[in-house]
file entry-v9.cif (mmCIF, C-alpha atoms)
data_coords
loop_
_atom_site.label_atom_id
_atom_site.label_comp_id
_atom_site.auth_asym_id
_atom_site.auth_seq_id
_atom_site.Cartn_x
_atom_site.Cartn_y
_atom_site.Cartn_z
CA MET X 29 -69.53 1.10 -37.73
CA SER X 30 -66.62 -1.29 -37.92
CA ASP X 31 -68.74 -3.87 -36.08
CA MET X 32 -70.83 -4.22 -39.23
CA GLN X 33 -67.81 -5.57 -41.10
CA VAL X 34 -67.73 -8.70 -38.93
CA SER X 35 -71.34 -9.16 -37.85
CA VAL X 36 -72.97 -10.75 -40.88
CA ASP X 37 -74.13 -14.25 -39.98
CA LEU X 38 -72.55 -16.70 -42.44
CA LYS X 39 -75.04 -19.50 -41.85
CA TYR X 40 -77.02 -18.64 -45.00
CA GLU X 41 -76.17 -19.68 -48.54
CA ASN X 42 -77.75 -16.71 -50.31
CA TYR X 43 -77.44 -13.01 -49.44
CA ILE X 44 -79.79 -10.62 -51.19
CA PHE X 45 -79.06 -6.92 -51.03
CA ASP X 46 -80.97 -3.74 -51.54
CA LEU X 47 -78.63 -1.16 -53.08
CA TYR X 48 -79.33 2.50 -52.45
CA GLY X 49 -79.19 3.39 -48.77
CA THR X 50 -77.83 -0.07 -47.95
CA LEU X 51 -74.59 -0.41 -49.93
CA ILE X 52 -74.53 2.92 -51.75
CA ASP X 53 -74.94 6.34 -50.17
CA ILE X 54 -76.46 8.54 -52.88
CA HIS X 55 -78.07 11.95 -53.00
CA THR X 56 -79.79 13.29 -56.09
CA GLU X 57 -81.60 16.54 -56.74
CA GLU X 58 -84.17 16.64 -59.53
CA GLY X 59 -85.86 19.81 -58.36
CA LYS X 60 -83.22 22.35 -59.32
CA ARG X 61 -83.64 24.42 -62.48
CA LYS X 62 -80.01 23.93 -63.48
CA LEU X 63 -80.68 20.22 -64.11
CA TRP X 64 -83.51 20.97 -66.49
CA LYS X 65 -81.56 23.73 -68.22
CA ALA X 66 -78.72 21.29 -68.78
CA LEU X 67 -81.07 18.56 -70.03
CA ALA X 68 -82.83 20.98 -72.38
CA LYS X 69 -79.45 21.97 -73.83
CA PHE X 70 -78.55 18.28 -74.23
CA TYR X 71 -81.76 17.72 -76.18
CA ARG X 72 -81.19 20.79 -78.36
CA VAL X 73 -77.71 19.51 -79.24
CA HIS X 74 -79.39 16.34 -80.49
CA GLY X 75 -82.05 18.15 -82.52
CA ALA X 76 -84.95 18.35 -80.04
CA PHE X 77 -85.72 21.96 -79.14
CA TYR X 78 -86.59 22.49 -75.47
CA PHE X 79 -86.25 25.08 -72.76
CA ALA X 80 -85.94 24.08 -69.10
CA GLY X 81 -89.60 24.48 -68.16
CA GLY X 82 -90.89 22.58 -71.16
CA ILE X 83 -88.67 19.57 -70.75
CA ARG X 84 -89.38 19.39 -67.05
CA ARG X 85 -93.15 19.43 -67.63
CA GLY X 86 -92.80 16.85 -70.39
CA TYR X 87 -90.67 14.57 -68.23
CA HIS X 88 -93.16 14.55 -65.36
CA LYS X 89 -96.10 14.11 -67.74
CA TYR X 90 -94.58 11.04 -69.37
CA VAL X 91 -93.48 9.56 -66.04
CA LYS X 92 -97.10 9.84 -64.86
CA GLU X 93 -98.35 8.21 -68.06
CA GLU X 94 -95.95 5.30 -67.66
CA LEU X 95 -96.93 4.81 -64.01
CA GLU X 96 -100.55 4.48 -65.09
CA LYS X 97 -99.52 1.41 -67.11
CA SER X 98 -97.49 -0.42 -64.46
CA GLU X 99 -96.16 -0.21 -60.93
CA GLU X 100 -92.63 0.55 -62.13
CA ILE X 101 -91.50 2.44 -65.22
CA GLN X 102 -88.58 2.22 -67.61
CA VAL X 103 -87.21 5.74 -67.70
CA GLU X 104 -85.80 5.09 -71.18
CA LYS X 105 -89.37 5.29 -72.53
CA VAL X 106 -89.78 8.74 -70.99
CA PHE X 107 -86.63 10.12 -72.56
CA LYS X 108 -87.53 8.53 -75.90
CA LYS X 109 -90.95 10.22 -75.86
CA LEU X 110 -89.29 13.56 -75.17
CA PHE X 111 -87.32 13.12 -78.36
CA ALA X 112 -90.22 11.75 -80.39
CA VAL X 113 -92.61 14.66 -79.74
CA LYS X 114 -89.94 16.94 -81.23
CA GLY X 115 -89.63 14.75 -84.31
CA VAL X 116 -86.34 13.10 -83.34
CA GLU X 117 -86.03 9.32 -83.63
CA ALA X 118 -83.51 8.46 -80.93
CA ASP X 119 -81.72 5.11 -81.14
CA ASP X 120 -80.88 2.95 -78.13
CA ALA X 121 -77.36 4.39 -77.80
CA LEU X 122 -78.66 7.95 -77.59
CA ILE X 123 -81.34 7.01 -75.09
CA LEU X 124 -78.76 5.32 -72.86
CA GLU X 125 -76.51 8.37 -73.14
CA THR X 126 -79.47 10.57 -72.19
CA CYS X 127 -80.30 8.44 -69.15
CA ARG X 128 -76.75 8.57 -67.90
CA TYR X 129 -76.43 12.30 -68.57
CA PHE X 130 -79.62 12.97 -66.59
CA ARG X 131 -78.49 10.82 -63.69
CA ASP X 132 -74.94 12.16 -63.56
CA THR X 133 -76.20 15.75 -63.72
CA SER X 134 -78.76 15.24 -60.95
CA THR X 135 -76.39 13.35 -58.61
CA TYR X 136 -74.21 15.33 -56.23
CA HIS X 137 -73.10 12.55 -53.88
CA LEU X 138 -72.30 8.91 -54.68
CA ARG X 139 -70.15 6.60 -52.57
CA LEU X 140 -70.07 3.20 -50.93
CA TYR X 141 -70.73 3.01 -47.22
CA GLU X 142 -67.58 1.99 -45.34
CA TRP X 143 -69.03 -1.43 -44.53
CA SER X 144 -70.11 -2.29 -48.08
CA LEU X 145 -66.89 -3.69 -49.53
CA PRO X 146 -65.89 -5.62 -46.40
CA ILE X 147 -69.28 -7.34 -46.31
CA LEU X 148 -69.29 -8.19 -50.01
CA GLN X 149 -65.71 -9.41 -49.90
CA LYS X 150 -66.35 -11.53 -46.83
CA LEU X 151 -69.35 -13.20 -48.39
CA LYS X 152 -67.55 -14.04 -51.62
CA GLU X 153 -64.47 -15.29 -49.77
CA ASN X 154 -66.75 -17.70 -47.92
CA GLY X 155 -68.33 -19.01 -51.11
CA LYS X 156 -71.72 -17.41 -50.61
CA LYS X 157 -74.12 -16.44 -53.39
CA VAL X 158 -74.80 -12.71 -53.55
CA TYR X 159 -77.76 -11.14 -55.34
CA LEU X 160 -79.18 -7.66 -55.86
CA LEU X 161 -82.88 -6.83 -55.69
CA SER X 162 -83.26 -3.10 -56.15
CA ASN X 163 -86.04 -0.62 -56.80
CA ALA X 164 -84.21 1.32 -59.47
CA GLN X 165 -83.63 2.05 -63.13
CA ARG X 166 -81.16 -0.28 -64.86
CA SER X 167 -79.81 2.54 -67.04
CA PHE X 168 -78.86 4.44 -63.87
CA THR X 169 -77.96 1.62 -61.52
CA TYR X 170 -75.66 -0.61 -63.53
CA HIS X 171 -73.60 2.41 -64.57
CA GLU X 172 -73.20 3.48 -60.94
CA MET X 173 -72.30 -0.02 -59.81
CA GLU X 174 -69.61 -0.11 -62.50
CA LYS X 175 -68.28 3.25 -61.31
CA LEU X 176 -68.00 1.89 -57.78
CA ASP X 177 -66.57 -1.44 -59.00
CA ILE X 178 -69.04 -3.71 -57.23
CA VAL X 179 -70.71 -5.52 -60.14
CA LYS X 180 -68.16 -8.32 -59.79
CA TYR X 181 -69.44 -9.28 -56.34
CA PHE X 182 -72.95 -10.20 -57.53
CA ASP X 183 -74.03 -13.53 -58.95
CA ALA X 184 -77.12 -11.85 -60.43
CA ILE X 185 -78.58 -8.35 -60.51
CA HIS X 186 -82.36 -7.84 -60.55
CA ILE X 187 -83.69 -4.31 -60.99
CA SER X 188 -87.34 -3.29 -60.78
CA SER X 189 -87.40 -1.38 -64.07
CA ASP X 190 -86.78 -4.67 -65.90
CA TYR X 191 -89.96 -6.25 -64.55
CA GLY X 192 -92.55 -3.51 -64.00
CA VAL X 193 -92.86 -4.33 -60.28
CA LYS X 194 -90.94 -3.25 -57.21
CA LYS X 195 -90.51 -4.00 -53.52
CA PRO X 196 -92.44 -4.68 -51.33
CA ASN X 197 -94.59 -6.38 -53.98
CA PRO X 198 -94.07 -10.12 -53.41
CA LYS X 199 -94.04 -10.66 -57.19
CA PHE X 200 -90.63 -8.98 -57.38
CA PHE X 201 -89.20 -11.26 -54.71
CA GLU X 202 -90.79 -14.28 -56.37
CA ILE X 203 -89.13 -13.40 -59.68
CA LEU X 204 -85.76 -13.53 -57.94
CA ILE X 205 -86.59 -16.78 -56.14
CA LYS X 206 -87.74 -18.49 -59.34
CA LYS X 207 -84.99 -17.22 -61.63
CA GLU X 208 -82.21 -18.09 -59.19
CA ASN X 209 -83.87 -21.27 -57.89
CA LEU X 210 -83.56 -20.15 -54.27
CA ASP X 211 -84.69 -21.84 -51.09
CA VAL X 212 -86.01 -18.98 -48.97
CA LYS X 213 -84.88 -20.76 -45.80
CA GLU X 214 -81.30 -20.36 -47.04
CA CYS X 215 -81.70 -16.63 -47.81
CA LEU X 216 -80.94 -13.48 -45.86
CA PHE X 217 -82.26 -10.20 -47.23
CA LEU X 218 -80.26 -7.06 -46.33
CA GLY X 219 -81.79 -3.61 -46.62
CA ASN X 220 -82.33 -0.18 -45.10
CA ASP X 221 -86.08 0.22 -45.63
CA GLN X 222 -88.33 -1.55 -43.15
CA THR X 223 -91.33 -1.56 -45.45
CA CYS X 224 -89.85 -2.30 -48.87
CA ASP X 225 -86.98 -4.52 -47.74
CA ILE X 226 -87.82 -6.05 -44.38
CA LEU X 227 -91.58 -6.56 -44.59
CA GLY X 228 -91.28 -7.40 -48.27
CA ALA X 229 -88.69 -10.13 -47.69
CA GLN X 230 -90.47 -11.45 -44.61
CA GLY X 231 -93.61 -11.75 -46.72
CA VAL X 232 -91.97 -14.44 -48.86
CA GLY X 233 -90.39 -16.23 -45.90
CA MET X 234 -86.86 -14.81 -45.82
CA ASP X 235 -84.84 -13.86 -42.77
CA THR X 236 -83.88 -10.19 -42.78
CA TRP X 237 -81.02 -7.89 -41.82
CA TYR X 238 -81.98 -4.25 -41.28
CA VAL X 239 -79.47 -1.44 -41.27
CA HIS X 240 -80.63 2.06 -40.41
CA THR X 241 -78.60 4.53 -42.50
CA ASN X 242 -78.80 8.20 -43.37
CA CYS X 243 -81.07 7.22 -46.27
CA SER X 244 -83.54 5.14 -44.23
CA PRO X 245 -87.14 6.19 -43.57
CA GLU X 246 -88.03 6.88 -39.95
CA TYR X 247 -87.47 3.80 -37.78
CA ARG X 248 -90.59 1.77 -37.01
CA GLU X 249 -90.67 0.00 -33.65
CA ASP X 250 -93.37 -2.38 -34.88
CA VAL X 251 -91.18 -3.92 -37.60
CA LYS X 252 -88.67 -6.46 -36.33
CA ALA X 253 -85.93 -7.92 -38.51
CA THR X 254 -83.92 -11.04 -37.74
CA TYR X 255 -80.85 -8.80 -37.29
CA GLU X 256 -80.70 -5.04 -36.78
CA PHE X 257 -77.90 -2.47 -36.96
CA LEU X 258 -79.14 0.97 -36.03
CA PHE X 259 -76.44 3.36 -37.19
CA ASP X 260 -77.20 6.98 -37.99
#
call {"tool": "encode", "arguments": {"input": "entry-v9.cif", "output": "structure tokens"}}
result
Amino acid sequence: MSDMQVSVDLKYENYIFDLYGTLIDIHTEEGKRKLWKALAKFYRVHGAFYFAGGIRRGYHKYVKEELEKSEEIQVEKVFKKLFAVKGVEADDALILETCRYFRDTSTYHLRLYEWSLPILQKLKENGKKVYLLSNAQRSFTYHEMEKLDIVKYFDAIHISSDYGVKKPNPKFFEILIKKENLDVKECLFLGNDQTCDILGAQGVGMDTWYVHTNCSPEYREDVKATYEFLFD
């Protein structure tokens, strides 16, 4: 894996990263009853009476409702609804605390891959622009990036929950291109998902860098990136 620390082609001006499965190795478990018991207790402490089964059903119901409105949800709206139906008006601070409690409780593994910091450091040392384009929830993601101390490496962070669209939808890539005034010929997109990251980026004219990690979907022979690193 050490080869990855020195193999990023520096000919581009802009490097756009996926996050989870590419820079961050994360494992979450939302299926276990202990998560929902803990979340129900959290809500009871804040005046909303739930048991584990009820809050789990409510959570999935409201996620489904939000997905009927747009391609990507803001999970804050789900947690706010869970308070509201119990007569609790939760302010923004409580909703953010709830989001982070849920994420921290459901996460049992969070770390940077060994190549992540060397790549980010090398790019910044060489004066390159570094961007994030991630299918994720801002209330989860920014907190985790702060924990891992990598926010400082990014010139801009774009997260799907902010826009209601996600990769591989070209609209998400086009938002990044427009907001950051990027020339796609000067961009390299780096990701671990051949559909969302590689085909998505190729669809807007970007070169691509595919890394196969423990979080990647099954490798597709029919999808070819500009660069490939097939590590298990």
call {"tool": "atom_distance", "arguments": {"input": "entry-v9.cif", "atom1": "CA of Glu104 (chain X)", "atom2": "CA of Leu124 (chain X)"}}
result
7.2 Å
call {"tool": "resolve_selection", "arguments": {"input": "entry-v9.cif", "expression": "the PyMOL selection byres ((chain X and resi 130-143) around 8)", "output": "PDB file with C-alpha atoms, in the frame of the given file"}}
result
ATOM      1  CA  MET X  29     -69.530   1.100 -37.730  1.00  0.00           C
ATOM      2  CA  SER X  30     -66.620  -1.290 -37.920  1.00  0.00           C
ATOM      3  CA  MET X  32     -70.830  -4.220 -39.230  1.00  0.00           C
ATOM      4  CA  GLN X  33     -67.810  -5.570 -41.100  1.00  0.00           C
ATOM      5  CA  THR X  50     -77.830  -0.070 -47.950  1.00  0.00           C
ATOM      6  CA  LEU X  51     -74.590  -0.410 -49.930  1.00  0.00           C
ATOM      7  CA  ILE X  52     -74.530   2.920 -51.750  1.00  0.00           C
ATOM      8  CA  ASP X  53     -74.940   6.340 -50.170  1.00  0.00           C
ATOM      9  CA  ILE X  54     -76.460   8.540 -52.880  1.00  0.00           C
ATOM     10  CA  HIS X  55     -78.070  11.950 -53.000  1.00  0.00           C
ATOM     11  CA  THR X  56     -79.790  13.290 -56.090  1.00  0.00           C
ATOM     12  CA  GLU X  57     -81.600  16.540 -56.740  1.00  0.00           C
ATOM     13  CA  GLU X  58     -84.170  16.640 -59.530  1.00  0.00           C
ATOM     14  CA  LEU X  63     -80.680  20.220 -64.110  1.00  0.00           C
ATOM     15  CA  ALA X  66     -78.720  21.290 -68.780  1.00  0.00           C
ATOM     16  CA  LEU X  67     -81.070  18.560 -70.030  1.00  0.00           C
ATOM     17  CA  THR X 126     -79.470  10.570 -72.190  1.00  0.00           C
ATOM     18  CA  CYS X 127     -80.300   8.440 -69.150  1.00  0.00           C
ATOM     19  CA  ARG X 128     -76.750   8.570 -67.900  1.00  0.00           C
ATOM     20  CA  TYR X 129     -76.430  12.300 -68.570  1.00  0.00           C
ATOM     21  CA  SER X 144     -70.110  -2.290 -48.080  1.00  0.00           C
ATOM     22  CA  LEU X 145     -66.890  -3.690 -49.530  1.00  0.00           C
ATOM     23  CA  PRO X 146     -65.890  -5.620 -46.400  1.00  0.00           C
ATOM     24  CA  ILE X 147     -69.280  -7.340 -46.310  1.00  0.00           C
ATOM     25  CA  PHE X 168     -78.860   4.440 -63.870  1.00  0.00           C
ATOM     26  CA  LEU X 176     -68.000   1.890 -57.780  1.00  0.00           C
TER      27      LEU X 176
END
call {"tool": "residues_around", "arguments": {"input": "entry-v9.cif", "residues": "Lys207 (chain X)", "least_positions_apart": "3", "cutoff": "12 Å", "atoms": "only C-alpha atoms", "output": "list in words"}}
result
Tyr159, Asp183, Ala184, Ile185, His186, Phe200, Phe201, Glu202, Ile203, Leu204, Leu210 and Asp211 of chain X
call {"tool": "write_last_selection", "arguments": {"input": "entry-v9.cif", "atoms": "C-alpha atoms", "output": "PDB file, in the frame of the given file"}}
result
ATOM      1  CA  TYR X 159     -77.760 -11.140 -55.340  1.00  0.00           C
ATOM      2  CA  ASP X 183     -74.030 -13.530 -58.950  1.00  0.00           C
ATOM      3  CA  ALA X 184     -77.120 -11.850 -60.430  1.00  0.00           C
ATOM      4  CA  ILE X 185     -78.580  -8.350 -60.510  1.00  0.00           C
ATOM      5  CA  HIS X 186     -82.360  -7.840 -60.550  1.00  0.00           C
ATOM      6  CA  PHE X 200     -90.630  -8.980 -57.380  1.00  0.00           C
ATOM      7  CA  PHE X 201     -89.200 -11.260 -54.710  1.00  0.00           C
ATOM      8  CA  GLU X 202     -90.790 -14.280 -56.370  1.00  0.00           C
ATOM      9  CA  ILE X 203     -89.130 -13.400 -59.680  1.00  0.00           C
ATOM     10  CA  LEU X 204     -85.760 -13.530 -57.940  1.00  0.00           C
ATOM     11  CA  LEU X 210     -83.560 -20.150 -54.270  1.00  0.00           C
ATOM     12  CA  ASP X 211     -84.690 -21.840 -51.090  1.00  0.00           C
TER      13      ASP X 211
END
call {"tool": "resolve_selection", "arguments": {"input": "entry-v9.cif", "expression": "the PyMOL selection byres ((chain X and resi 212-217) around 12)", "output": "MDAnalysis selection string"}}
result
chainID X and resid 36:47 50 151 156:162 201:202 204:206 208:211 218:222 224:239 253:256
call {"tool": "atom_distance", "arguments": {"input": "entry-v9.cif", "atom1": "CA of Arg61 (chain X)", "atom2": "CA of Val116 (chain X)"}}
result
23.9 Å
call {"tool": "axis_aligned_box", "arguments": {"input": "entry-v9.cif", "around": "region 41-48 of chain X", "padding_each_side": "5 Å", "output": "JSON"}}
result
{"center_x": -78.6, "center_y": -8.6, "center_z": -50.8, "size_x": 14.8, "size_y": 32.2, "size_z": 14.5}
call {"tool": "resolve_selection", "arguments": {"input": "entry-v9.cif", "expression": "the PyMOL selection byres ((chain X and resi 88) around 12)", "output": "ChimeraX atom specification"}}
result
/X:58-59,64,81-87,89-95,103,106-107,109-110
call {"tool": "atom_distance", "arguments": {"input": "entry-v9.cif", "atom1": "CA of Lys105 (chain X)", "atom2": "CA of Tyr191 (chain X)"}}
result
14.0 Å
call {"tool": "closest_residue", "arguments": {"input": "entry-v9.cif", "among": "X:Phe257, X:Tyr78, X:Ala164, X:Glu174", "to": "Glu100 (chain X)", "atoms": "only C-alpha atoms"}}
result
X:Ala164
call {"tool": "closest_residue", "arguments": {"input": "entry-v9.cif", "among": "X:Glu99, X:Leu148, X:Asn242, X:Thr169", "to": "Phe182 (chain X)", "atoms": "all atoms listed in the file"}}
result
X:Leu148
call {"tool": "closest_residue", "arguments": {"input": "entry-v9.cif", "among": "X:Gly75, X:Lys97, X:Arg248, X:Gln165", "to": "Asp190 (chain X)", "atoms": "only C-alpha atoms"}}
result
X:Gln165
call {"tool": "build_atoms", "arguments": {"input": "entry-v9.cif", "residues": "region 151-175 of chain X", "atoms": "N, CA, C and O atoms", "output": "compact mmCIF listing (two decimals), keeping the file's coordinate frame"}}
result
# COMPACT_ATOMS: atom_id res chain seq x y z
N LEU X 151 -68.40 -12.23 -47.89
CA LEU X 151 -69.35 -13.20 -48.39
C LEU X 151 -68.77 -14.01 -49.54
O LEU X 151 -68.91 -15.24 -49.60
N LYS X 152 -68.12 -13.33 -50.47
CA LYS X 152 -67.55 -14.04 -51.62
C LYS X 152 -66.39 -14.93 -51.21
O LYS X 152 -66.21 -16.03 -51.73
N GLU X 153 -65.59 -14.47 -50.26
CA GLU X 153 -64.47 -15.29 -49.77
C GLU X 153 -64.96 -16.57 -49.11
O GLU X 153 -64.25 -17.58 -49.10
N ASN X 154 -66.18 -16.54 -48.58
CA ASN X 154 -66.75 -17.70 -47.92
C ASN X 154 -67.67 -18.51 -48.84
O ASN X 154 -68.42 -19.37 -48.37
N GLY X 155 -67.61 -18.22 -50.13
CA GLY X 155 -68.33 -19.01 -51.11
C GLY X 155 -69.83 -18.81 -51.13
O GLY X 155 -70.58 -19.68 -51.60
N LYS X 156 -70.29 -17.67 -50.65
CA LYS X 156 -71.72 -17.41 -50.61
C LYS X 156 -72.21 -16.82 -51.94
O LYS X 156 -71.47 -16.18 -52.67
N LYS X 157 -73.48 -17.05 -52.24
CA LYS X 157 -74.12 -16.44 -53.39
C LYS X 157 -74.65 -15.06 -52.99
O LYS X 157 -75.25 -14.90 -51.92
N VAL X 158 -74.41 -14.08 -53.85
CA VAL X 158 -74.80 -12.71 -53.55
C VAL X 158 -75.66 -12.17 -54.70
O VAL X 158 -75.27 -12.24 -55.87
N TYR X 159 -76.82 -11.64 -54.34
CA TYR X 159 -77.76 -11.14 -55.34
C TYR X 159 -78.19 -9.71 -55.01
O TYR X 159 -78.14 -9.28 -53.85
N LEU X 160 -78.62 -9.00 -56.04
CA LEU X 160 -79.18 -7.66 -55.86
C LEU X 160 -80.65 -7.68 -56.23
O LEU X 160 -81.04 -8.26 -57.25
N LEU X 161 -81.48 -7.05 -55.39
CA LEU X 161 -82.88 -6.83 -55.69
C LEU X 161 -83.18 -5.38 -55.35
O LEU X 161 -83.33 -5.02 -54.19
N SER X 162 -83.24 -4.54 -56.38
CA SER X 162 -83.26 -3.10 -56.15
C SER X 162 -84.42 -2.43 -56.87
O SER X 162 -84.70 -2.73 -58.04
N ASN X 163 -85.09 -1.51 -56.17
CA ASN X 163 -86.04 -0.62 -56.80
C ASN X 163 -85.26 0.49 -57.48
O ASN X 163 -84.78 1.43 -56.82
N ALA X 164 -85.10 0.38 -58.78
CA ALA X 164 -84.21 1.32 -59.47
C ALA X 164 -84.40 1.21 -60.97
O ALA X 164 -85.16 0.38 -61.47
N GLN X 165 -83.67 2.06 -61.68
CA GLN X 165 -83.63 2.05 -63.13
C GLN X 165 -82.31 1.43 -63.57
O GLN X 165 -81.24 1.89 -63.17
N ARG X 166 -82.39 0.39 -64.43
CA ARG X 166 -81.16 -0.28 -64.86
C ARG X 166 -80.19 0.70 -65.52
O ARG X 166 -78.98 0.63 -65.31
N SER X 167 -80.70 1.62 -66.32
CA SER X 167 -79.81 2.54 -67.04
C SER X 167 -79.05 3.45 -66.09
O SER X 167 -77.98 3.97 -66.44
N PHE X 168 -79.57 3.67 -64.88
CA PHE X 168 -78.86 4.44 -63.87
C PHE X 168 -77.95 3.52 -63.04
O PHE X 168 -76.78 3.79 -62.83
N THR X 169 -78.57 2.44 -62.57
CA THR X 169 -77.96 1.62 -61.52
C THR X 169 -76.72 0.87 -61.97
O THR X 169 -75.69 0.87 -61.28
N TYR X 170 -76.80 0.20 -63.10
CA TYR X 170 -75.66 -0.61 -63.53
C TYR X 170 -74.44 0.28 -63.77
O TYR X 170 -73.31 -0.07 -63.40
N HIS X 171 -74.68 1.44 -64.32
CA HIS X 171 -73.60 2.41 -64.57
C HIS X 171 -72.94 2.83 -63.26
O HIS X 171 -71.70 2.91 -63.16
N GLU X 172 -73.75 3.07 -62.23
CA GLU X 172 -73.20 3.48 -60.94
C GLU X 172 -72.48 2.33 -60.24
O GLU X 172 -71.45 2.55 -59.58
N MET X 173 -72.99 1.14 -60.38
CA MET X 173 -72.30 -0.02 -59.81
C MET X 173 -70.95 -0.24 -60.48
O MET X 173 -69.97 -0.63 -59.83
N GLU X 174 -70.89 -0.01 -61.79
CA GLU X 174 -69.61 -0.11 -62.50
C GLU X 174 -68.64 0.95 -62.01
O GLU X 174 -67.44 0.68 -61.82
N LYS X 175 -69.13 2.17 -61.82
CA LYS X 175 -68.28 3.25 -61.31
C LYS X 175 -67.65 2.88 -59.98
O LYS X 175 -66.47 3.18 -59.72
